[in-house]
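**Q** Provided herewith: run_2.cif, mmCIF, C-alpha atoms.
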```
data_upload
loop_
_atom_site.label_atom_id
_atom_site.label_comp_id
_atom_site.auth_asym_id
_atom_site.auth_seq_id
_atom_site.Cartn_x
_atom_site.Cartn_y
_atom_site.Cartn_z
CA MET A 1 26.38 11.17 4.32
CA PRO A 2 22.80 9.79 4.39
CA TYR A 3 22.12 6.42 2.88
CA GLN A 4 20.79 6.55 -0.67
CA ALA A 5 18.52 3.73 -1.75
CA THR A 6 19.61 1.94 -4.90
CA SER A 7 17.17 2.49 -7.72
CA SER A 8 15.99 -0.52 -9.69
CA HIS A 9 13.84 1.56 -12.05
CA GLU A 10 16.24 4.07 -13.55
CA GLN A 11 14.01 4.88 -16.52
CA ASP A 12 11.07 5.78 -14.28
CA LEU A 13 13.36 7.73 -11.96
CA ASN A 14 14.79 9.73 -14.87
CA PHE A 15 11.28 10.43 -16.14
CA ALA A 16 10.20 11.66 -12.70
CA GLN A 17 13.29 13.87 -12.54
CA SER A 18 12.43 15.43 -15.88
CA VAL A 19 9.00 16.34 -14.49
CA LEU A 20 10.63 17.88 -11.42
CA ASN A 21 12.90 19.92 -13.71
CA VAL A 22 9.76 21.76 -14.84
CA ASN A 23 9.59 19.95 -18.16
CA SER A 24 6.03 20.76 -19.23
CA THR A 25 6.00 18.00 -21.84
CA ALA A 26 7.02 15.40 -19.25
CA ALA A 27 4.45 16.73 -16.76
CA ALA A 28 1.68 16.44 -19.34
CA GLU A 29 2.86 12.93 -20.21
CA LEU A 30 2.82 11.94 -16.53
CA ARG A 31 -0.85 12.82 -16.23
CA SER A 32 -1.73 11.37 -19.62
CA ARG A 33 0.08 8.12 -18.89
CA TYR A 34 -1.27 7.43 -15.40
CA HIS A 35 -4.43 9.47 -14.71
CA GLY A 36 -6.99 7.06 -16.15
CA ARG A 37 -5.24 4.01 -14.73
CA ILE A 38 -5.11 5.41 -11.18
CA VAL A 39 -8.75 6.54 -11.25
CA ALA A 40 -9.85 3.10 -12.50
CA VAL A 41 -7.83 1.25 -9.85
CA LEU A 42 -9.14 3.44 -7.02
CA CYS A 43 -12.70 2.75 -8.16
CA ALA A 44 -11.93 -0.98 -8.28
CA ARG A 45 -10.52 -0.75 -4.74
CA GLY A 46 -13.64 0.85 -3.27
CA ALA A 47 -13.69 4.55 -4.21
CA SER A 48 -16.64 6.25 -5.85
CA ALA A 49 -15.95 7.91 -9.21
CA THR A 50 -16.04 11.35 -7.55
CA GLU A 51 -13.71 10.27 -4.75
CA ALA A 52 -11.27 8.77 -7.23
CA GLU A 53 -11.18 11.88 -9.43
CA ASP A 54 -10.75 14.18 -6.44
CA LEU A 55 -7.98 12.07 -4.95
CA VAL A 56 -6.07 11.91 -8.23
CA ALA A 57 -6.47 15.66 -8.78
CA ASP A 58 -4.92 16.25 -5.35
CA LEU A 59 -2.21 13.71 -6.15
CA TRP A 60 -1.10 15.63 -9.25
CA SER A 61 -1.20 18.91 -7.37
CA ASP A 62 1.08 17.50 -4.67
CA CYS A 63 3.39 15.97 -7.29
CA PHE A 64 4.05 19.37 -8.88
CA VAL A 65 3.70 21.86 -6.01
CA ALA A 66 4.90 21.83 -2.41
CA PRO A 67 4.64 24.27 0.50
CA PRO A 68 7.69 26.48 1.14
CA ASN A 69 10.74 24.52 2.29
CA ARG A 70 8.99 21.23 1.58
CA GLN A 71 9.66 18.61 -1.06
CA THR A 72 7.08 17.85 -3.73
CA LEU A 73 5.44 14.44 -3.55
CA LEU A 74 7.11 13.30 -6.76
CA GLY A 75 10.47 14.37 -5.36
CA LYS A 76 10.14 11.60 -2.78
CA TYR A 77 10.08 8.87 -5.42
CA GLN A 78 13.39 6.97 -5.27
CA GLY A 79 12.89 4.36 -7.97
CA ARG A 80 12.79 1.29 -5.74
CA CYS A 81 9.59 0.20 -7.50
CA ALA A 82 7.86 1.09 -10.76
CA LEU A 83 6.53 4.65 -10.86
CA GLU A 84 3.03 3.38 -11.60
CA SER A 85 3.09 1.09 -8.56
CA TRP A 86 4.35 3.94 -6.41
CA LEU A 87 1.64 6.35 -7.58
CA LEU A 88 -1.05 3.68 -7.08
CA THR A 89 0.22 2.97 -3.58
CA VAL A 90 0.23 6.65 -2.61
CA ALA A 91 -3.27 7.04 -4.04
CA THR A 92 -4.47 3.99 -2.11
CA HIS A 93 -2.97 5.43 1.09
CA ARG A 94 -5.06 8.52 0.53
CA LEU A 95 -8.18 6.53 -0.24
CA ILE A 96 -7.87 4.59 3.03
CA ASP A 97 -7.29 7.84 4.91
CA LEU A 98 -10.37 9.40 3.28
CA LYS A 99 -12.62 6.42 4.01
CA ARG A 100 -11.49 6.19 7.63
CA ARG A 101 -12.10 9.91 8.16
CA GLN A 102 -15.55 9.52 6.63
CA SER A 103 -16.34 6.75 9.10
CA PHE A 104 -15.84 9.22 11.96
CA ARG A 105 -18.21 11.84 10.57
CA VAL A 106 -21.39 12.05 12.63
CA GLU A 107 -24.49 14.17 12.76
CA VAL A 108 -24.40 16.56 15.72
CA PRO A 109 -27.65 16.19 17.69
CA ALA A 110 -29.50 19.23 18.98
CA SER A 111 -28.34 19.89 22.50
CA ASP A 112 -27.99 22.64 25.04
CA ARG A 113 -24.36 21.68 25.37
CA SER A 114 -21.78 23.17 23.05
CA SER A 115 -20.51 21.35 19.97
CA ASP A 116 -17.06 21.35 21.54
CA ASP A 117 -18.44 19.34 24.44
CA PHE A 118 -20.06 16.90 22.05
CA PHE A 119 -16.91 16.22 20.06
CA ASP A 120 -14.88 15.94 23.23
CA ARG A 121 -17.10 12.99 24.10
CA ARG A 122 -16.72 11.29 20.70
CA PRO A 123 -14.01 8.66 20.20
CA GLN A 124 -11.49 10.11 17.79
CA PRO A 125 -9.39 8.27 15.20
CA ASP A 126 -5.75 7.78 16.00
CA SER A 127 -3.47 10.56 14.86
CA VAL A 128 -1.67 8.46 12.28
CA SER A 129 -0.46 9.55 8.87
CA ARG A 130 -2.15 8.05 5.85
CA GLU A 131 1.09 6.30 4.94
CA GLU A 132 1.53 4.79 8.39
CA SER A 133 -2.11 3.66 8.38
CA LEU A 134 -1.58 1.55 5.30
CA LEU A 135 1.72 0.17 6.54
CA LYS A 136 0.06 -0.92 9.80
CA LEU A 137 -2.82 -2.45 7.83
CA LEU A 138 -0.50 -4.49 5.60
CA ARG A 139 1.74 -5.54 8.50
CA ALA A 140 -1.19 -6.62 10.69
CA ALA A 141 -2.67 -8.71 7.88
CA ILE A 142 0.67 -10.44 7.25
CA GLN A 143 1.32 -11.11 10.93
CA ASN A 144 -2.19 -12.49 11.39
CA ALA A 145 -1.82 -14.83 8.43
CA PHE A 146 1.54 -16.20 9.55
CA SER A 147 0.33 -16.64 13.12
CA ARG A 148 -2.27 -19.10 11.81
CA ARG A 149 0.32 -21.31 10.15
CA ASP A 150 2.10 -24.15 11.93
CA SER A 151 5.76 -23.59 12.77
CA GLU A 152 6.92 -26.21 10.27
CA SER A 153 5.23 -24.44 7.35
CA VAL A 154 6.61 -21.06 8.41
CA LEU A 155 10.14 -22.48 8.72
CA MET A 156 9.90 -24.10 5.30
CA LEU A 157 8.74 -20.83 3.72
CA LYS A 158 11.58 -18.90 5.37
CA LEU A 159 14.18 -21.40 4.17
CA VAL A 160 12.91 -21.17 0.60
CA HIS A 161 12.13 -17.46 0.29
CA LEU A 162 14.59 -15.85 2.71
CA HIS A 163 17.53 -18.25 2.63
CA GLN A 164 17.10 -19.37 -1.01
CA LEU A 165 17.18 -23.10 -0.31
CA THR A 166 15.84 -25.28 -3.11
CA GLN A 167 12.89 -27.61 -2.72
CA ARG A 168 15.28 -30.50 -3.24
CA GLU A 169 17.37 -29.35 -0.26
CA ILE A 170 14.23 -28.94 1.83
CA ALA A 171 13.13 -32.47 0.87
CA ARG A 172 16.44 -33.87 2.09
CA MET A 173 16.16 -31.99 5.39
CA TRP A 174 12.59 -33.18 6.02
CA GLY A 175 13.10 -36.65 4.60
CA TRP A 176 10.23 -36.06 2.18
CA HIS A 177 9.77 -36.54 -1.53
CA GLU A 178 10.31 -33.28 -3.43
CA SER A 179 6.71 -33.31 -4.69
CA LYS A 180 5.44 -33.36 -1.09
CA VAL A 181 7.52 -30.29 -0.28
CA SER A 182 6.12 -28.55 -3.34
CA ARG A 183 2.54 -29.32 -2.28
CA ALA A 184 3.20 -28.20 1.31
CA LEU A 185 4.65 -24.89 0.14
CA GLU A 186 1.77 -24.26 -2.25
CA VAL A 187 -0.82 -24.98 0.45
CA ALA A 188 0.97 -22.63 2.85
CA ARG A 189 1.17 -19.85 0.25
CA GLU A 190 -2.49 -20.18 -0.69
CA SER A 191 -3.58 -20.20 2.95
CA ILE A 192 -1.51 -17.12 3.76
CA ALA A 193 -2.84 -15.25 0.73
CA ARG A 194 -6.43 -16.11 1.66
CA ASP A 195 -6.00 -15.10 5.30
CA ILE A 196 -4.32 -11.81 4.37
CA LEU A 197 -7.19 -10.80 2.10
CA VAL A 198 -9.74 -11.82 4.74
CA GLU A 199 -7.96 -9.72 7.37
CA LEU A 200 -7.77 -6.69 5.07
CA LYS A 201 -11.49 -6.99 4.39
CA ARG A 202 -12.23 -7.32 8.07
CA ALA A 203 -10.23 -4.21 8.90
CA ASP A 204 -11.70 -2.09 6.10
CA PRO A 205 -14.88 -3.73 4.73
CA TRP A 206 -15.18 -1.23 1.86
CA LEU A 207 -11.68 -2.05 0.55
CA GLU A 208 -11.62 -4.30 -2.51
CA LEU A 209 -8.23 -5.92 -3.09
CA ARG A 210 -7.04 -8.88 -5.10
CA TRP A 211 -3.86 -10.72 -4.21
CA GLU A 212 -2.08 -8.91 -7.06
CA ASP A 213 -3.18 -5.58 -5.55
CA PHE A 214 -1.78 -6.56 -2.17
CA LEU A 215 1.58 -7.48 -3.69
CA GLU A 216 1.67 -4.17 -5.58
CA LEU A 217 0.94 -2.22 -2.41
CA CYS A 218 3.74 -4.02 -0.59
CA ALA A 219 6.16 -3.29 -3.43
CA GLY A 220 5.10 0.36 -3.64
CA SER A 221 5.30 0.95 0.09
CA ALA A 222 9.10 0.95 0.07
CA ASP A 223 9.08 4.38 -1.58
CA ALA A 224 5.61 5.52 -0.57
CA LEU A 225 6.19 5.35 3.19
CA PHE A 226 8.39 8.42 3.33
#
```
Can you turn what I pasted into structure tokens?

**A**
Amino acid sequence: MPYQATSSHEQDLNFAQSVLNVNSTAAAELRSRYHGRIVAVLCARGASATEAEDLVADLWSDCFVAPPNRQTLLGKYQGRCALESWLLTVATHRLIDLKRRQSFRVEVPASDRSSDDFFDRRPQPDSVSREESLLKLLRAAIQNAFSRRDSESVLMLKLVHLHQLTQREIARMWGWHESKVSRALEVARESIARDILVELKRADPWLELRWEDFLELCAGSADALF
């Protein structure tokens, strides 16, 4: 039997299920509840108004309708994050995919050679799904930020956030005052957050993200990267 992820957002999952059960009232509420929010966030993250509206229109279409023998987009939501975060993450995936495809559009110069020859000579974007593109972007930014930190700071962060040690326990291990540990952790967190946002901007200069946006994308990616 395949592994089923535990849902932490039962109310959102039940609401999504009611939409999938062809509940027209729930479907209308889904659009009413999230349409404006998603359009606004996409615009804040670098989309034009037209791009945002088009992307969200396609999003709703994919939520409600799927090709034969395929699952609808909304059917892939498993409730591991808030439905709003999941929808925003999927929409951001699609925005990144759109912008990257736009960057490869070129004007074909007049030539005696065929257009096929011309495009054969052009560098092509990697054949990567929009979901995988965002996952790679987030992962690369995180890895880059941690690679810039000294090993002591990384170890301290792991002990606190992965192994749930308290700052008092860390202070005893390092032989420091607890306030010094607190300052060291805060400096490390701030540096990592800054470097992550810088790396994201370097990779996609058009993309406008705050730290809160980055955290939301990470949370939403658990369900969005299907």

**Q** Using all atoms listed in the file, pick whichever of A:Leu135, A:Val65, A:Leu95, A:Ala27 has the shortest atom-to-atom distance to Ala219 (chain A).

**A**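 Closest to Ala219 (chain A) of all the choices is A:Leu135.
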
**Q** Within 10 Å of Asp213 (chain A), counting all atoms listed in the file, which residues qualify if same-chain residues fewer than 3 places away don't, as JSON, numbers by chain?

**A** {"A": [41, 45, 85, 88, 89, 208, 209, 210, 216, 217, 218, 219]}

**Q** Suppose a student applies the PyMOL selection byres ((chain A and resi 167) around 10) to this structure; what residues should they get, written as a short mmCIF file (atom, residue, chain, number, x, y, z; two decimals) with C-alpha atoms, in the coordinates of the input?

**A**
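out-v6.cif, freshly written:
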```cif
data_model
loop_
_atom_site.label_atom_id
_atom_site.label_comp_id
_atom_site.auth_asym_id
_atom_site.auth_seq_id
_atom_site.Cartn_x
_atom_site.Cartn_y
_atom_site.Cartn_z
CA MET A 156 9.90 -24.10 5.30
CA LEU A 159 14.18 -21.40 4.17
CA VAL A 160 12.91 -21.17 0.60
CA GLN A 164 17.10 -19.37 -1.01
CA LEU A 165 17.18 -23.10 -0.31
CA THR A 166 15.84 -25.28 -3.11
CA ARG A 168 15.28 -30.50 -3.24
CA GLU A 169 17.37 -29.35 -0.26
CA ILE A 170 14.23 -28.94 1.83
CA ALA A 171 13.13 -32.47 0.87
CA ARG A 172 16.44 -33.87 2.09
CA MET A 173 16.16 -31.99 5.39
CA HIS A 177 9.77 -36.54 -1.53
CA GLU A 178 10.31 -33.28 -3.43
CA SER A 179 6.71 -33.31 -4.69
CA LYS A 180 5.44 -33.36 -1.09
CA VAL A 181 7.52 -30.29 -0.28
CA SER A 182 6.12 -28.55 -3.34
CA LEU A 185 4.65 -24.89 0.14
#
```

**Q** When you draw a straight line from CA of His161 (chain A) to CA of Arg183 (chain A), how long is it in Å?

**A**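 That distance, rounded to one decimal, is 15.5 Å.
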
**Q** Have a look at CA of Pro205 (chain A) and CA of Ile142 (chain A) and let me know their distance in Å, one decimal.

**A**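 These atoms are spaced 17.1 Å apart.
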
**Q** Distance CA of Ala141 (chain A)-CA of Ser191 (chain A), one decimal place?

**A**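 Separation of CA of Ala141 (chain A) and CA of Ser191 (chain A): 12.5 Å.
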
**Q** If the PyMOL selection byres ((chain A and resi 153) around 10) is run on the structure shown, which residues does it catch, given as an NGL selection string?

**A** :A and (146 or 149-152 or 154-159 or 181 or 184-185 or 187-189)

**Q** Taking into account only C-alpha atoms, which residue in the set A:Ala145, A:Glu53, A:Glu84, A:Thr92 is nearest to Val198 (chain A)?

**A** A:Ala145

**Q** So that I can see what lies close to Thr72 (chain A), please list as JSON, numbers by chain the residues with an atom at most 12 Å from it, counting all atoms listed in the file and leaving out residues fewer than 2 positions away in the same chain.

**A** {"A": [16, 17, 19, 20, 21, 59, 60, 61, 62, 63, 64, 65, 66, 67, 68, 69, 70, 74, 75, 76, 77, 226]}

**Q** Output C-alpha atoms for every residue in the selection just made, as a compact mmCIF listing (two decimals), in the coordinates of the input.

**A**
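New file again_31.txt:
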```txt
# COMPACT_ATOMS: atom_id res chain seq x y z
CA ALA A 16 10.20 11.66 -12.70
CA GLN A 17 13.29 13.87 -12.54
CA VAL A 19 9.00 16.34 -14.49
CA LEU A 20 10.63 17.88 -11.42
CA ASN A 21 12.90 19.92 -13.71
CA LEU A 59 -2.21 13.71 -6.15
CA TRP A 60 -1.10 15.63 -9.25
CA SER A 61 -1.20 18.91 -7.37
CA ASP A 62 1.08 17.50 -4.67
CA CYS A 63 3.39 15.97 -7.29
CA PHE A 64 4.05 19.37 -8.88
CA VAL A 65 3.70 21.86 -6.01
CA ALA A 66 4.90 21.83 -2.41
CA PRO A 67 4.64 24.27 0.50
CA PRO A 68 7.69 26.48 1.14
CA ASN A 69 10.74 24.52 2.29
CA ARG A 70 8.99 21.23 1.58
CA LEU A 74 7.11 13.30 -6.76
CA GLY A 75 10.47 14.37 -5.36
CA LYS A 76 10.14 11.60 -2.78
CA TYR A 77 10.08 8.87 -5.42
CA PHE A 226 8.39 8.42 3.33
```

**Q** What lies within 9 Å of Ala49 (chain A) using all atoms listed in the file, ignoring chain neighbours under 6 positions off, as a list in words?

**A**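 So, after excluding close chain neighbours, the residues are Val39, Ala40, Leu42 and Cys43 of chain A.
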
**Q** Measuring atom to atom with all atoms listed in the file, identify which of A:Ala28, A:Leu83, A:Leu200, A:Ala52 is nearest to Asp12 (chain A).

**A** A:Leu83

**Q** Which of these residues is nearest to Gly46 (chain A), using all atoms listed in the file: A:Leu98, A:Leu137, A:Asn144, A:Ala82?

**A** A:Leu98

**Q** Quick one: of A:Ala91, A:Arg194, A:Glu199, A:Leu162, who's nearest to Arg139 (chain A), counting all atoms listed in the file?

**A**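 For Arg139 (chain A), the nearest of the given residues is A:Glu199.
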
**Q** Give the answer as one residue: which of A:Trp176, A:Gly79, A:Ala203, A:Trp211 has the shortest atom-to-atom distance to Glu190 (chain A), using all atoms listed in the file?

**A**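 Of A:Trp176, A:Gly79, A:Ala203, A:Trp211, the one nearest Glu190 (chain A) is A:Trp211, counting all atoms listed in the file.
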
**Q** Please, could N, CA and C atoms be added to region 139-152 of chain A and the result written as a tab-separated table (two decimals), in the coordinates of the input?

**A**
```tsv
chain	number	residue	atom	x	y	z
A	139	ARG	N	0.94	-4.77	7.54
A	139	ARG	CA	1.74	-5.54	8.50
A	139	ARG	C	0.84	-6.41	9.37
A	140	ALA	N	-0.28	-5.85	9.83
A	140	ALA	CA	-1.19	-6.62	10.69
A	140	ALA	C	-1.77	-7.82	9.94
A	141	ALA	N	-2.10	-7.61	8.67
A	141	ALA	CA	-2.67	-8.71	7.88
A	141	ALA	C	-1.64	-9.82	7.69
A	142	ILE	N	-0.39	-9.44	7.44
A	142	ILE	CA	0.67	-10.44	7.25
A	142	ILE	C	0.94	-11.20	8.55
A	143	GLN	N	1.05	-10.46	9.64
A	143	GLN	CA	1.32	-11.11	10.93
A	143	GLN	C	0.19	-12.05	11.32
A	144	ASN	N	-1.05	-11.64	11.07
A	144	ASN	CA	-2.19	-12.49	11.39
A	144	ASN	C	-2.16	-13.78	10.58
A	145	ALA	N	-1.84	-13.65	9.29
A	145	ALA	CA	-1.82	-14.83	8.43
A	145	ALA	C	-0.73	-15.81	8.84
A	146	PHE	N	0.46	-15.31	9.16
A	146	PHE	CA	1.54	-16.20	9.55
A	146	PHE	C	1.31	-16.81	10.93
A	147	SER	N	0.61	-16.10	11.80
A	147	SER	CA	0.33	-16.64	13.12
A	147	SER	C	-0.60	-17.85	13.06
A	148	ARG	N	-1.33	-17.98	11.98
A	148	ARG	CA	-2.27	-19.10	11.81
A	148	ARG	C	-1.59	-20.34	11.24
A	149	ARG	N	-0.38	-20.18	10.76
A	149	ARG	CA	0.32	-21.31	10.15
A	149	ARG	C	1.10	-22.08	11.22
A	150	ASP	N	1.30	-23.36	11.00
A	150	ASP	CA	2.10	-24.15	11.93
A	150	ASP	C	3.57	-23.80	11.74
A	151	SER	N	4.36	-24.00	12.76
A	151	SER	CA	5.76	-23.59	12.77
A	151	SER	C	6.56	-24.27	11.66
A	152	GLU	N	6.20	-25.49	11.32
A	152	GLU	CA	6.92	-26.21	10.27
A	152	GLU	C	6.73	-25.53	8.92
```
